[in-house]
Amino acid sequence: MEKRIIFATGNSHKMVEIKEILKELNIPIYSMKEVGADIEIEENGTTFEENAMIKAEAIAKLFPNDIVLADDSGLEIDYLDKAPGVYSARFGGRDTSYDIKNQMLLDKLEGVPKEQRTARFVCVIAAILPDGTKESVRGTIEGRIAYSIEGENGFGYDPIFYVPEYGCTTAQLSPQEKNACSHRGNALRAICKVLESRK
Ligand code: IMP
């Protein structure tokens, strides 16, 4: 049977980044939707690691002969005790636009000086291999919450996530620039190494 990777995400923005970075493995990669597993998985863990593994386990049950990967990611703002964290997608309501969610976060940080606006994007990728082995890796990118919404690229909280090294938000980076330094890029490169070593 041909080896394949199934990535447990329904997010098409993420699938583009994922396929680009994992292409060097030379293993075909499919999203849940592409293999007909369009199921809702309840993310009821309290850490990124727990949530990523919950998603991977749900898909691995359906596809035990494939390599299953799943990610969980979010934004941690130090001033807000690392919120929204694992609740990033749910913060302010799942169906609320990111223009509104981003403005809500800017309002919470109104008047907070630059040194106290530190934040990071976190991405954990969990892997379950056909022999049942479980692995997980964590990637991060450090930055600060900006003072205003800037940039059109990316998605989610990108327009308020300022990266000092680049002097702009992640929504002002090209997709290639973002992949090269992002939490998801870093986690994908790490899981790539793990899978390469198991080939
Ligand atoms: P997940 O799909 O459960 O991992 O949800 C992660 C949530 O965190 C997303 O819906 C976004 O709100 C936020 N997030 C994760 N990664 C990024 C990113 O690269 N840019 C902007 N927001 C992100």
# chains A, B, ... in the order shown; residues from 1 in each chain; ligands from 1
$ select_by_dssp --residues "segment 8-197 of chain A" --states "helix (DSSP H, G or I)" --output "JSON, numbers by chain"
{"A": [12, 13, 14, 15, 16, 17, 18, 19, 20, 21, 22, 23, 24, 25, 33, 34, 35, 48, 49, 50, 51, 52, 53, 54, 55, 56, 57, 58, 59, 60, 61, 62, 78, 79, 80, 85, 86, 87, 98, 99, 100, 101, 102, 103, 104, 105, 106, 107, 108, 114, 115, 116, 158, 159, 160, 170, 171, 172, 175, 176, 177, 178, 179, 180, 181, 183, 184, 185, 186, 187, 188, 189, 190, 191, 192, 193, 194, 195, 196, 197]}
$ residues_around --residues "Tyr157 of chain A" --least-positions-apart "3" --cutoff "9 Å" --atoms "only C-alpha atoms" --output "MDAnalysis selection string"
chainID A and resid 74:75 88 98:99 101:102 154 160:161 170:171
$ atom_distance --atom1 "atom CA of Gly93 of chain A" --atom2 "atom CA of Arg144 of chain A"
23.0 Å
$ residues_near_ligand --ligand "ligand 1" --cutoff "9 Å" --atoms "only C-alpha atoms and all ligand atoms" --output "VMD selection string"
chain A and resid 9 to 11 14 43 48 51 to 52 71 to 75 84 to 91 94 98 101 121 to 124 154 to 161 170 to 171 178 182 to 184
$ write_last_selection --atoms "C-alpha atoms" --output "PDB file, in the first residue's frame"
ATOM      1  CA  THR A   9      -7.129  20.045   9.666  1.00  0.00           C
ATOM      2  CA  GLY A  10     -10.069  21.477   7.810  1.00  0.00           C
ATOM      3  CA  ASN A  11      -8.320  24.860   7.443  1.00  0.00           C
ATOM      4  CA  LYS A  14      -2.978  25.878   6.850  1.00  0.00           C
ATOM      5  CA  GLU A  43     -10.960  20.001  21.200  1.00  0.00           C
ATOM      6  CA  PHE A  48      -1.922  22.564  22.686  1.00  0.00           C
ATOM      7  CA  ASN A  51      -5.659  19.060  21.640  1.00  0.00           C
ATOM      8  CA  ALA A  52      -3.290  18.099  18.818  1.00  0.00           C
ATOM      9  CA  ASP A  71      -1.905  20.497  14.784  1.00  0.00           C
ATOM     10  CA  ASP A  72      -3.184  22.835  17.404  1.00  0.00           C
ATOM     11  CA  SER A  73      -2.132  26.427  17.495  1.00  0.00           C
ATOM     12  CA  GLY A  74      -2.918  29.757  19.050  1.00  0.00           C
ATOM     13  CA  LEU A  75      -1.783  33.097  20.353  1.00  0.00           C
ATOM     14  CA  PRO A  84      -6.432  33.439  24.368  1.00  0.00           C
ATOM     15  CA  GLY A  85      -4.065  30.388  24.136  1.00  0.00           C
ATOM     16  CA  VAL A  86      -5.880  27.138  23.357  1.00  0.00           C
ATOM     17  CA  TYR A  87      -9.083  29.192  23.097  1.00  0.00           C
ATOM     18  CA  SER A  88      -7.739  31.372  20.238  1.00  0.00           C
ATOM     19  CA  ALA A  89     -10.274  30.172  17.660  1.00  0.00           C
ATOM     20  CA  ARG A  90     -13.145  30.450  20.165  1.00  0.00           C
ATOM     21  CA  PHE A  91     -12.107  33.814  21.690  1.00  0.00           C
ATOM     22  CA  ARG A  94     -16.216  31.294  16.768  1.00  0.00           C
ATOM     23  CA  TYR A  98     -11.109  38.631  13.120  1.00  0.00           C
ATOM     24  CA  LYS A 101     -11.520  39.808  17.672  1.00  0.00           C
ATOM     25  CA  PHE A 121       2.196  32.122  18.345  1.00  0.00           C
ATOM     26  CA  VAL A 122       2.470  28.456  19.333  1.00  0.00           C
ATOM     27  CA  CYS A 123       1.934  25.432  17.105  1.00  0.00           C
ATOM     28  CA  VAL A 124       2.064  21.835  18.297  1.00  0.00           C
ATOM     29  CA  GLY A 154      -2.128  35.553   6.485  1.00  0.00           C
ATOM     30  CA  PHE A 155      -5.209  35.006   8.641  1.00  0.00           C
ATOM     31  CA  GLY A 156      -6.519  35.180  12.203  1.00  0.00           C
ATOM     32  CA  TYR A 157      -4.440  37.294  14.559  1.00  0.00           C
ATOM     33  CA  ASP A 158      -1.670  38.010  12.019  1.00  0.00           C
ATOM     34  CA  PRO A 159      -2.631  41.717  11.640  1.00  0.00           C
ATOM     35  CA  ILE A 160      -1.916  42.437  15.342  1.00  0.00           C
ATOM     36  CA  PHE A 161       1.190  40.238  15.749  1.00  0.00           C
ATOM     37  CA  THR A 170       2.965  38.708  10.232  1.00  0.00           C
ATOM     38  CA  ALA A 171       0.085  39.949   8.040  1.00  0.00           C
ATOM     39  CA  LYS A 178       6.005  33.880   7.182  1.00  0.00           C
ATOM     40  CA  SER A 182       6.430  31.056  11.847  1.00  0.00           C
ATOM     41  CA  HIS A 183       5.414  28.753  14.683  1.00  0.00           C
ATOM     42  CA  ARG A 184       3.757  26.409  12.144  1.00  0.00           C
TER      43      ARG A 184
END
$ residues_around --residues "Leu109 of chain A" --least-positions-apart "6" --cutoff "12 Å" --atoms "only C-alpha atoms" --output "ChimeraX atom specification"
/A:77-80,102-103,115-119,144-148,160
$ closest_residue --among "A:Asp66, A:Glu50, A:Glu2, A:Glu24" --to "Lys193 of chain A" --atoms "only C-alpha atoms"
A:Glu24
$ closest_residue --among "A:Gly111, A:Pro175, A:Gly143, A:Gly45" --to "Tyr162 of chain A" --atoms "only C-alpha atoms"
A:Gly143
$ residues_around --residues "segment 5-8 of chain A" --least-positions-apart "2" --cutoff "12 Å" --atoms "only C-alpha atoms" --output "JSON, numbers by chain"
{"A": [2, 3, 10, 11, 12, 14, 15, 16, 17, 18, 19, 22, 23, 25, 26, 27, 28, 29, 30, 31, 32, 33, 34, 35, 36, 37, 38, 39, 40, 41, 51, 52, 53, 54, 55, 56, 57, 58, 59, 60, 62, 63, 64, 65, 66, 67, 68, 69, 70, 71, 72, 125, 126, 127, 128, 129, 130, 188, 192, 195]}
$ select_by_dssp --residues "segment 81-194 of chain A" --states "strand (DSSP E or B)" --output "JSON, numbers by chain"
{"A": [83, 84, 118, 119, 120, 121, 122, 123, 124, 125, 126, 127, 128, 134, 135, 136, 137, 138, 139, 140, 141, 142, 143, 144, 145, 161, 162, 163, 168, 169]}
$ write_last_selection --atoms "N, CA and C atoms" --output "short mmCIF file (atom, residue, chain, number, x, y, z; two decimals), in the first residue's frame"
data_model
loop_
_atom_site.label_atom_id
_atom_site.label_comp_id
_atom_site.auth_asym_id
_atom_site.auth_seq_id
_atom_site.Cartn_x
_atom_site.Cartn_y
_atom_site.Cartn_z
N ALA A 83 -3.62 34.20 27.59
CA ALA A 83 -4.87 34.10 26.80
C ALA A 83 -4.61 34.77 25.45
N PRO A 84 -5.37 34.44 24.40
CA PRO A 84 -6.43 33.44 24.37
C PRO A 84 -5.93 31.99 24.31
N THR A 118 4.41 41.58 25.10
CA THR A 118 5.04 40.39 24.51
C THR A 118 4.02 39.27 24.30
N ALA A 119 4.21 38.53 23.22
CA ALA A 119 3.26 37.48 22.84
C ALA A 119 3.97 36.47 21.96
N ARG A 120 3.34 35.34 21.76
CA ARG A 120 3.90 34.35 20.83
C ARG A 120 2.78 33.55 20.18
N PHE A 121 3.05 33.13 18.96
CA PHE A 121 2.20 32.12 18.35
C PHE A 121 2.83 30.78 18.67
N VAL A 122 2.00 29.81 19.02
CA VAL A 122 2.47 28.46 19.33
C VAL A 122 1.79 27.48 18.38
N CYS A 123 2.54 26.50 17.90
CA CYS A 123 1.93 25.43 17.10
C CYS A 123 2.50 24.10 17.57
N VAL A 124 1.63 23.19 17.95
CA VAL A 124 2.06 21.84 18.30
C VAL A 124 1.56 20.89 17.22
N ILE A 125 2.44 20.04 16.74
CA ILE A 125 2.01 19.02 15.78
C ILE A 125 2.18 17.65 16.42
N ALA A 126 1.10 16.88 16.41
CA ALA A 126 1.14 15.51 16.94
C ALA A 126 1.16 14.56 15.75
N ALA A 127 1.91 13.48 15.90
CA ALA A 127 1.98 12.46 14.84
C ALA A 127 1.66 11.10 15.42
N ILE A 128 0.89 10.31 14.67
CA ILE A 128 0.69 8.90 15.03
C ILE A 128 1.09 8.08 13.80
N LYS A 134 3.62 7.47 18.94
CA LYS A 134 3.09 8.84 19.03
C LYS A 134 4.23 9.81 19.31
N GLU A 135 4.20 10.93 18.63
CA GLU A 135 5.24 11.95 18.79
C GLU A 135 4.56 13.31 18.82
N SER A 136 5.21 14.30 19.46
CA SER A 136 4.72 15.66 19.21
C SER A 136 5.86 16.66 19.27
N VAL A 137 5.73 17.73 18.51
CA VAL A 137 6.76 18.77 18.46
C VAL A 137 6.06 20.13 18.61
N ARG A 138 6.81 21.12 19.11
CA ARG A 138 6.25 22.45 19.34
C ARG A 138 7.08 23.50 18.62
N GLY A 139 6.45 24.38 17.91
CA GLY A 139 7.14 25.50 17.27
C GLY A 139 6.55 26.81 17.77
N THR A 140 7.38 27.84 17.90
CA THR A 140 6.88 29.14 18.37
C THR A 140 7.47 30.27 17.53
N ILE A 141 6.85 31.42 17.61
CA ILE A 141 7.45 32.65 17.09
C ILE A 141 7.13 33.75 18.11
N GLU A 142 8.18 34.46 18.53
CA GLU A 142 8.01 35.50 19.55
C GLU A 142 7.74 36.85 18.90
N GLY A 143 6.88 37.63 19.49
CA GLY A 143 6.61 38.97 18.97
C GLY A 143 5.92 39.82 20.02
N ARG A 144 5.20 40.84 19.55
CA ARG A 144 4.50 41.75 20.46
C ARG A 144 3.14 42.09 19.85
N ILE A 145 2.18 42.41 20.70
CA ILE A 145 0.89 42.85 20.16
C ILE A 145 1.06 44.30 19.68
N PHE A 161 -0.01 40.89 15.21
CA PHE A 161 1.19 40.24 15.75
C PHE A 161 2.43 40.85 15.10
N TYR A 162 3.13 41.70 15.88
CA TYR A 162 4.29 42.45 15.38
C TYR A 162 5.57 41.66 15.67
N VAL A 163 6.38 41.50 14.63
CA VAL A 163 7.65 40.76 14.80
C VAL A 163 8.80 41.77 14.71
N CYS A 168 7.45 44.53 11.24
CA CYS A 168 6.06 44.59 10.74
C CYS A 168 5.27 43.43 11.36
N THR A 169 3.97 43.38 11.04
CA THR A 169 3.16 42.27 11.55
C THR A 169 3.31 41.07 10.60
#
$ atom_distance --atom1 "atom CA of Leu105 of chain A" --atom2 "atom CA of Glu49 of chain A"
24.3 Å
$ decode --residues "segment 76-113 of chain A" --atoms "N, CA and C atoms" --output "mmCIF file, in the first residue's frame"
data_model
loop_
_atom_site.group_PDB
_atom_site.id
_atom_site.type_symbol
_atom_site.label_atom_id
_atom_site.label_comp_id
_atom_site.auth_asym_id
_atom_site.auth_seq_id
_atom_site.Cartn_x
_atom_site.Cartn_y
_atom_site.Cartn_z
ATOM 1 N N GLU A 76 -0.546 33.347 22.445
ATOM 2 C CA GLU A 76 -0.411 33.564 23.890
ATOM 3 C C GLU A 76 0.032 35.000 24.122
ATOM 4 N N ILE A 77 -0.753 35.751 24.897
ATOM 5 C CA ILE A 77 -0.382 37.137 25.223
ATOM 6 C C ILE A 77 -0.002 37.176 26.702
ATOM 7 N N ASP A 78 1.257 37.507 26.973
ATOM 8 C CA ASP A 78 1.753 37.436 28.354
ATOM 9 C C ASP A 78 0.938 38.315 29.310
ATOM 10 N N TYR A 79 0.594 39.538 28.870
ATOM 11 C CA TYR A 79 -0.150 40.481 29.729
ATOM 12 C C TYR A 79 -1.514 39.905 30.121
ATOM 13 N N LEU A 80 -2.071 39.007 29.297
ATOM 14 C CA LEU A 80 -3.389 38.406 29.577
ATOM 15 C C LEU A 80 -3.228 36.980 30.122
ATOM 16 N N ASP A 81 -2.100 36.740 30.831
ATOM 17 C CA ASP A 81 -1.844 35.400 31.392
ATOM 18 C C ASP A 81 -1.917 34.313 30.326
ATOM 19 N N LYS A 82 -1.369 34.618 29.166
ATOM 20 C CA LYS A 82 -1.266 33.674 28.036
ATOM 21 C C LYS A 82 -2.591 33.403 27.313
ATOM 22 N N ALA A 83 -3.624 34.202 27.594
ATOM 23 C CA ALA A 83 -4.865 34.101 26.803
ATOM 24 C C ALA A 83 -4.607 34.766 25.446
ATOM 25 N N PRO A 84 -5.368 34.445 24.400
ATOM 26 C CA PRO A 84 -6.432 33.439 24.368
ATOM 27 C C PRO A 84 -5.925 31.990 24.309
ATOM 28 N N GLY A 85 -4.640 31.735 24.047
ATOM 29 C CA GLY A 85 -4.065 30.388 24.136
ATOM 30 C C GLY A 85 -4.834 29.330 23.375
ATOM 31 N N VAL A 86 -5.167 28.229 24.058
ATOM 32 C CA VAL A 86 -5.880 27.138 23.357
ATOM 33 C C VAL A 86 -7.305 27.564 22.952
ATOM 34 N N TYR A 87 -7.741 28.717 23.467
ATOM 35 C CA TYR A 87 -9.083 29.192 23.097
ATOM 36 C C TYR A 87 -9.039 30.222 21.970
ATOM 37 N N SER A 88 -7.913 30.313 21.256
ATOM 38 C CA SER A 88 -7.739 31.372 20.238
ATOM 39 C C SER A 88 -8.857 31.387 19.203
ATOM 40 N N ALA A 89 -9.245 30.208 18.704
ATOM 41 C CA ALA A 89 -10.274 30.172 17.660
ATOM 42 C C ALA A 89 -11.634 30.549 18.243
ATOM 43 N N ARG A 90 -11.841 30.209 19.527
ATOM 44 C CA ARG A 90 -13.145 30.450 20.165
ATOM 45 C C ARG A 90 -13.249 31.834 20.799
ATOM 46 N N PHE A 91 -12.113 32.516 21.010
ATOM 47 C CA PHE A 91 -12.107 33.814 21.690
ATOM 48 C C PHE A 91 -13.073 34.800 21.014
ATOM 49 N N GLY A 92 -13.964 35.403 21.787
ATOM 50 C CA GLY A 92 -14.912 36.385 21.244
ATOM 51 C C GLY A 92 -16.020 35.769 20.413
ATOM 52 N N GLY A 93 -16.053 34.430 20.336
ATOM 53 C CA GLY A 93 -17.082 33.739 19.537
ATOM 54 C C GLY A 93 -16.498 33.223 18.240
ATOM 55 N N ARG A 94 -16.769 31.934 17.962
ATOM 56 C CA ARG A 94 -16.216 31.294 16.768
ATOM 57 C C ARG A 94 -16.568 32.002 15.470
ATOM 58 N N ASP A 95 -17.778 32.572 15.427
ATOM 59 C CA ASP A 95 -18.231 33.187 14.174
ATOM 60 C C ASP A 95 -17.961 34.686 14.105
ATOM 61 N N THR A 96 -17.322 35.208 15.134
ATOM 62 C CA THR A 96 -17.008 36.649 15.134
ATOM 63 C C THR A 96 -15.848 36.889 14.169
ATOM 64 N N SER A 97 -15.893 37.994 13.432
ATOM 65 C CA SER A 97 -14.822 38.248 12.457
ATOM 66 C C SER A 97 -13.520 38.577 13.193
ATOM 67 N N TYR A 98 -12.398 38.328 12.494
ATOM 68 C CA TYR A 98 -11.109 38.631 13.120
ATOM 69 C C TYR A 98 -10.873 40.128 13.211
ATOM 70 N N ASP A 99 -11.541 40.939 12.411
ATOM 71 C CA ASP A 99 -11.437 42.395 12.599
ATOM 72 C C ASP A 99 -11.921 42.743 14.001
ATOM 73 N N ILE A 100 -13.022 42.096 14.396
ATOM 74 C CA ILE A 100 -13.583 42.378 15.725
ATOM 75 C C ILE A 100 -12.722 41.752 16.824
ATOM 76 N N LYS A 101 -12.336 40.478 16.638
ATOM 77 C CA LYS A 101 -11.520 39.808 17.672
ATOM 78 C C LYS A 101 -10.207 40.573 17.891
ATOM 79 N N ASN A 102 -9.581 40.992 16.782
ATOM 80 C CA ASN A 102 -8.310 41.707 16.899
ATOM 81 C C ASN A 102 -8.510 43.024 17.630
ATOM 82 N N GLN A 103 -9.606 43.722 17.317
ATOM 83 C CA GLN A 103 -9.876 44.995 17.998
ATOM 84 C C GLN A 103 -10.147 44.761 19.482
ATOM 85 N N MET A 104 -10.822 43.626 19.812
ATOM 86 C CA MET A 104 -11.092 43.312 21.228
ATOM 87 C C MET A 104 -9.779 43.159 21.996
ATOM 88 N N LEU A 105 -8.799 42.497 21.357
ATOM 89 C CA LEU A 105 -7.508 42.298 22.031
ATOM 90 C C LEU A 105 -6.757 43.625 22.149
ATOM 91 N N LEU A 106 -6.817 44.439 21.087
ATOM 92 C CA LEU A 106 -6.152 45.759 21.158
ATOM 93 C C LEU A 106 -6.761 46.581 22.296
ATOM 94 N N ASP A 107 -8.087 46.503 22.457
ATOM 95 C CA ASP A 107 -8.760 47.257 23.520
ATOM 96 C C ASP A 107 -8.317 46.771 24.903
ATOM 97 N N LYS A 108 -8.141 45.442 25.037
ATOM 98 C CA LYS A 108 -7.702 44.903 26.329
ATOM 99 C C LYS A 108 -6.292 45.381 26.681
ATOM 100 N N LEU A 109 -5.497 45.705 25.644
ATOM 101 C CA LEU A 109 -4.122 46.144 25.881
ATOM 102 C C LEU A 109 -3.963 47.666 25.752
ATOM 103 N N GLU A 110 -5.080 48.362 25.731
ATOM 104 C CA GLU A 110 -5.070 49.829 25.629
ATOM 105 C C GLU A 110 -4.175 50.425 26.717
ATOM 106 N N GLY A 111 -3.220 51.238 26.333
ATOM 107 C CA GLY A 111 -2.350 51.913 27.311
ATOM 108 C C GLY A 111 -1.222 51.054 27.855
ATOM 109 N N VAL A 112 -1.158 49.792 27.465
ATOM 110 C CA VAL A 112 -0.096 48.901 27.967
ATOM 111 C C VAL A 112 1.177 49.177 27.156
ATOM 112 N N PRO A 113 2.304 49.453 27.867
ATOM 113 C CA PRO A 113 3.524 49.794 27.127
ATOM 114 C C PRO A 113 4.110 48.596 26.378
#
